[in-house]
$ cat structure.txt   # compact mmCIF, C-alpha atoms
# COMPACT_ATOMS: atom_id res chain seq x y z
CA MET M 1 126.77 74.30 201.17
CA THR M 2 130.24 74.59 202.69
CA THR M 3 133.10 75.52 200.38
CA VAL M 4 136.04 73.19 200.81
CA THR M 5 139.57 74.50 200.40
CA VAL M 6 142.16 71.85 199.64
CA TYR M 7 145.56 72.21 201.27
CA THR M 8 148.70 70.27 200.37
CA ALA M 9 150.23 68.35 203.26
CA LEU M 10 153.93 67.70 202.57
CA CYS M 11 155.10 64.68 204.54
CA GLU M 12 158.68 63.70 205.34
CA ARG M 13 159.86 60.74 207.42
CA ASP M 14 162.01 61.63 210.38
CA PRO M 15 164.68 59.28 211.79
CA ASP M 16 162.31 58.12 214.55
CA GLY M 17 159.73 56.89 212.03
CA TRP M 18 157.23 59.74 212.31
CA TRP M 19 155.75 61.57 209.34
CA VAL M 20 156.48 65.25 209.86
CA VAL M 21 153.75 67.21 208.10
CA THR M 22 153.93 70.80 206.91
CA ILE M 23 151.21 72.57 204.99
CA LYS M 24 152.36 74.06 201.69
CA ASP M 25 151.98 77.85 201.60
CA HIS M 26 151.27 77.87 205.38
CA PRO M 27 154.67 77.38 207.07
CA GLY M 28 153.21 77.94 210.54
CA ILE M 29 150.96 74.89 210.31
CA PHE M 30 152.53 71.54 211.06
CA THR M 31 151.75 68.25 212.72
CA GLN M 32 153.03 64.70 212.76
CA ALA M 33 151.65 61.19 212.44
CA ARG M 34 152.91 57.66 212.91
CA ARG M 35 151.36 56.40 209.69
CA LEU M 36 150.69 58.08 206.38
CA ASP M 37 147.02 57.09 206.53
CA GLN M 38 146.69 59.26 209.65
CA VAL M 39 148.06 62.42 208.03
CA GLU M 40 144.82 63.64 206.47
CA ALA M 41 142.95 63.71 209.78
CA MET M 42 145.86 65.24 211.68
CA ALA M 43 146.45 67.91 209.03
CA THR M 44 142.75 68.73 208.79
CA GLU M 45 142.59 69.28 212.53
CA ALA M 46 145.76 71.42 212.56
CA ILE M 47 144.64 73.57 209.62
CA ALA M 48 141.18 74.14 211.07
CA LEU M 49 142.64 75.05 214.45
CA VAL M 50 145.27 77.49 213.19
CA LEU M 51 143.08 79.14 210.54
CA ASP M 52 140.00 79.10 212.80
CA VAL M 53 137.77 77.46 210.19
CA PRO M 54 135.42 74.46 210.45
CA GLU M 55 137.08 71.11 209.78
CA GLY M 56 134.39 70.43 207.19
CA SER M 57 135.76 73.29 205.08
CA VAL M 58 139.24 71.75 204.93
CA GLY M 59 140.40 69.22 202.36
CA VAL M 60 143.87 67.74 202.44
CA ALA M 61 146.01 66.35 199.63
CA VAL M 62 148.69 64.16 201.22
CA VAL M 63 152.03 64.33 199.38
CA PRO M 64 154.87 62.19 200.72
CA LYS M 65 158.30 63.67 200.00
CA LEU M 66 160.56 60.74 199.18
CA PRO M 67 164.19 60.42 198.07
CA PRO M 68 164.71 60.70 194.29
CA ASP M 69 165.67 57.04 193.92
CA VAL M 70 162.47 55.98 195.67
CA ASP M 71 160.39 58.34 193.50
CA ALA M 72 162.04 56.78 190.43
CA ALA M 73 161.24 53.25 191.65
CA ILE M 74 157.62 54.23 192.24
CA GLU M 75 157.40 55.81 188.80
CA ASP M 76 158.78 52.59 187.28
CA TYR M 77 156.19 50.58 189.21
CA VAL M 78 153.29 52.79 188.07
CA THR M 79 154.47 52.61 184.45
CA ALA M 80 154.78 48.80 184.61
CA ARG M 81 151.36 48.49 186.28
CA ASN M 82 149.75 50.64 183.59
CA LEU M 83 151.46 48.67 180.81
CA SER M 84 150.32 45.44 182.45
CA ALA M 85 146.72 46.65 182.62
CA SER M 86 146.85 47.70 178.99
CA ALA M 87 148.39 44.36 177.97
CA ALA M 88 145.71 42.49 179.94
CA GLY M 89 143.01 44.40 178.06
CA ASP M 90 144.71 43.65 174.74
CA ALA M 91 144.97 39.97 175.69
CA ALA M 92 141.28 39.83 176.56
CA VAL M 93 140.33 41.28 173.19
CA ALA M 94 142.70 38.92 171.36
CA THR M 95 141.37 35.93 173.33
CA LEU M 96 137.80 36.81 172.46
CA ASP M 97 138.71 37.20 168.80
CA ALA M 98 140.55 33.86 168.77
CA VAL M 99 137.61 32.10 170.48
CA HIS M 100 135.22 33.52 167.88
CA HIS M 101 137.40 32.37 164.99
CA LEU M 102 137.72 28.89 166.45
CA GLU M 103 133.98 28.72 167.13
CA ASP M 104 133.37 29.69 163.51
CA MET M 105 135.36 26.57 162.59
CA LYS M 106 132.81 24.59 164.67
CA LEU M 107 135.43 23.39 167.14
CA THR M 108 134.33 22.10 170.53
CA LEU M 109 134.94 24.15 173.65
CA ARG M 110 137.44 21.55 174.79
CA ASP M 111 139.36 21.79 171.52
CA ILE M 112 139.35 25.58 171.68
CA GLY M 113 140.60 25.41 175.25
CA GLN M 114 143.34 23.00 174.27
CA ILE M 115 144.48 25.23 171.42
CA LEU M 116 144.46 28.41 173.52
CA GLY M 117 145.77 26.88 176.74
CA LEU M 118 142.51 27.60 178.58
CA SER M 119 140.06 25.39 180.38
CA PHE M 120 136.93 24.57 178.42
CA GLN M 121 134.97 26.24 181.24
CA ARG M 122 136.86 29.49 180.66
CA VAL M 123 136.24 29.23 176.92
CA GLN M 124 132.54 28.73 177.66
CA GLN M 125 132.51 31.86 179.87
CA ILE M 126 134.21 33.88 177.17
CA SER M 127 131.91 32.54 174.48
CA LYS M 128 128.66 33.09 176.37
CA GLY M 129 129.60 36.46 177.85
CA ALA M 130 130.83 38.06 174.66
CA ASN M 131 129.11 40.30 172.21
CA ARG M 132 130.34 39.08 168.84
CA HIS M 133 130.04 42.53 167.34
CA VAL M 134 132.48 44.09 169.78
CA VAL M 135 135.56 42.55 168.17
CA SER M 136 135.83 41.96 164.49
CA HIS M 137 138.70 42.09 162.07
$ encode --input "structure.txt" --output "structure tokens"
Amino acid sequence: MTTVTVYTALCERDPDGWWVVTIKDHPGIFTQARRLDQVEAMATEAIALVLDVPEGSVGVAVVPKLPPDVDAAIEDYVTARNLSASAAGDAAVATLDAVHHLEDMKLTLRDIGQILGLSFQRVQQISKGANRHVVSH
């Protein structure tokens, strides 16, 4: 089995729109690519060539170097996305719990849907797909 060494490819945009790629801890290895999705292949080839190792033994972690304000915007996006995913999970649990309570009152699917602002078809999916023991208060 071939041991893979992972190298960090630091990528900076130049004024002409190219990604200029340097390999962390190996200042003599560099390449460039038009698109970020091309960096891994280009860096792998450059590393293997300069270090005289098989390409299959080279792994590349692509790290774009961006201005601080852009990094901050990306961090805000990731935080919001994670909060949204968490809130969606919480909403699903709360919806299931509410459906169960309303079903216990012997309400119709249409009435449950009306109360929760869901279609009766969605209420039916929730009701039939749920394990009642998963959520209980």
$ closest_residue --input "structure.txt" --among "M:Ile126, M:Ala41, M:Leu10, M:Asp111" --to "Ala94 of chain M" --atoms "all atoms listed in the file"
M:Ile126
$ closest_residue --input "structure.txt" --among "M:Val78, M:Gly56, M:Val70, M:Val62" --to "Thr2 of chain M" --atoms "only C-alpha atoms"
M:Gly56
$ residues_near_point --input "structure.txt" --point "(152.7, 73.6, 208.1)" --cutoff "10 Å" --atoms "only C-alpha atoms" --output "ChimeraX atom specification"
/M:7-11,20-31,43,46-47,50
$ atom_distance --input "structure.txt" --atom1 "atom CA of Ser119 of chain M" --atom2 "atom CA of Ala92 of chain M"
15.0 Å
$ closest_residue --input "structure.txt" --among "M:Ser57, M:Pro67, M:Gln125, M:Asp37" --to "Arg13 of chain M" --atoms "only C-alpha atoms"
M:Pro67
$ atom_distance --input "structure.txt" --atom1 "atom CA of Gly17 of chain M" --atom2 "atom CA of Lys65 of chain M"
13.9 Å
$ build_atoms --input "structure.txt" --residues "segment 57-85 of chain M" --atoms "N, CA and C atoms" --output "mmCIF file, in the coordinates of the input"
data_model
loop_
_atom_site.group_PDB
_atom_site.id
_atom_site.type_symbol
_atom_site.label_atom_id
_atom_site.label_comp_id
_atom_site.auth_asym_id
_atom_site.auth_seq_id
_atom_site.Cartn_x
_atom_site.Cartn_y
_atom_site.Cartn_z
ATOM 1 N N SER M 57 135.382 72.416 206.193
ATOM 2 C CA SER M 57 135.760 73.290 205.080
ATOM 3 C C SER M 57 137.194 73.043 204.623
ATOM 4 N N VAL M 58 137.834 72.037 205.227
ATOM 5 C CA VAL M 58 139.240 71.750 204.930
ATOM 6 C C VAL M 58 139.358 70.411 204.207
ATOM 7 N N GLY M 59 140.024 70.447 203.064
ATOM 8 C CA GLY M 59 140.400 69.220 202.360
ATOM 9 C C GLY M 59 141.911 69.125 202.384
ATOM 10 N N VAL M 60 142.423 67.914 202.364
ATOM 11 C CA VAL M 60 143.870 67.740 202.440
ATOM 12 C C VAL M 60 144.342 66.765 201.363
ATOM 13 N N ALA M 61 145.338 67.213 200.598
ATOM 14 C CA ALA M 61 146.010 66.350 199.630
ATOM 15 C C ALA M 61 147.341 65.946 200.269
ATOM 16 N N VAL M 62 147.500 64.663 200.545
ATOM 17 C CA VAL M 62 148.690 64.160 201.220
ATOM 18 C C VAL M 62 149.761 63.865 200.169
ATOM 19 N N VAL M 63 150.932 64.498 200.338
ATOM 20 C CA VAL M 63 152.030 64.330 199.380
ATOM 21 C C VAL M 63 153.285 63.917 200.143
ATOM 22 N N PRO M 64 153.629 62.627 200.082
ATOM 23 C CA PRO M 64 154.870 62.190 200.720
ATOM 24 C C PRO M 64 156.081 62.697 199.933
ATOM 25 N N LYS M 65 157.046 63.249 200.624
ATOM 26 C CA LYS M 65 158.300 63.670 200.000
ATOM 27 C C LYS M 65 159.282 62.522 200.216
ATOM 28 N N LEU M 66 159.703 61.914 199.113
ATOM 29 C CA LEU M 66 160.560 60.740 199.180
ATOM 30 C C LEU M 66 161.875 61.014 198.462
ATOM 31 N N PRO M 67 162.913 60.246 198.770
ATOM 32 C CA PRO M 67 164.190 60.420 198.070
ATOM 33 C C PRO M 67 164.019 60.177 196.567
ATOM 34 N N PRO M 68 164.832 60.836 195.748
ATOM 35 C CA PRO M 68 164.710 60.700 194.290
ATOM 36 C C PRO M 68 164.753 59.260 193.788
ATOM 37 N N ASP M 69 165.596 58.428 194.381
ATOM 38 C CA ASP M 69 165.670 57.040 193.920
ATOM 39 C C ASP M 69 164.386 56.272 194.224
ATOM 40 N N VAL M 70 163.740 56.616 195.316
ATOM 41 C CA VAL M 70 162.470 55.980 195.670
ATOM 42 C C VAL M 70 161.364 56.479 194.737
ATOM 43 N N ASP M 71 161.353 57.788 194.468
ATOM 44 C CA ASP M 71 160.390 58.340 193.500
ATOM 45 C C ASP M 71 160.546 57.651 192.145
ATOM 46 N N ALA M 72 161.787 57.433 191.721
ATOM 47 C CA ALA M 72 162.040 56.780 190.430
ATOM 48 C C ALA M 72 161.526 55.338 190.441
ATOM 49 N N ALA M 73 161.730 54.635 191.542
ATOM 50 C CA ALA M 73 161.240 53.250 191.650
ATOM 51 C C ALA M 73 159.722 53.215 191.604
ATOM 52 N N ILE M 74 159.082 54.172 192.253
ATOM 53 C CA ILE M 74 157.620 54.230 192.240
ATOM 54 C C ILE M 74 157.110 54.555 190.846
ATOM 55 N N GLU M 75 157.789 55.475 190.171
ATOM 56 C CA GLU M 75 157.400 55.810 188.800
ATOM 57 C C GLU M 75 157.528 54.588 187.886
ATOM 58 N N ASP M 76 158.602 53.822 188.058
ATOM 59 C CA ASP M 76 158.780 52.590 187.280
ATOM 60 C C ASP M 76 157.646 51.602 187.561
ATOM 61 N N TYR M 77 157.275 51.475 188.829
ATOM 62 C CA TYR M 77 156.190 50.580 189.210
ATOM 63 C C TYR M 77 154.874 51.009 188.560
ATOM 64 N N VAL M 78 154.543 52.296 188.637
ATOM 65 C CA VAL M 78 153.290 52.790 188.070
ATOM 66 C C VAL M 78 153.265 52.567 186.560
ATOM 67 N N THR M 79 154.384 52.836 185.894
ATOM 68 C CA THR M 79 154.470 52.610 184.450
ATOM 69 C C THR M 79 154.253 51.136 184.121
ATOM 70 N N ALA M 80 154.924 50.246 184.854
ATOM 71 C CA ALA M 80 154.780 48.800 184.610
ATOM 72 C C ALA M 80 153.352 48.342 184.891
ATOM 73 N N ARG M 81 152.742 48.855 185.945
ATOM 74 C CA ARG M 81 151.360 48.490 186.280
ATOM 75 C C ARG M 81 150.407 48.929 185.169
ATOM 76 N N ASN M 82 150.605 50.144 184.663
ATOM 77 C CA ASN M 82 149.750 50.640 183.590
ATOM 78 C C ASN M 82 149.943 49.834 182.305
ATOM 79 N N LEU M 83 151.191 49.501 181.994
ATOM 80 C CA LEU M 83 151.460 48.670 180.810
ATOM 81 C C LEU M 83 150.831 47.290 180.967
ATOM 82 N N SER M 84 150.906 46.755 182.178
ATOM 83 C CA SER M 84 150.320 45.440 182.450
ATOM 84 C C SER M 84 148.808 45.476 182.266
ATOM 85 N N ALA M 85 148.176 46.522 182.767
ATOM 86 C CA ALA M 85 146.720 46.650 182.620
ATOM 87 C C ALA M 85 146.341 46.774 181.156
#
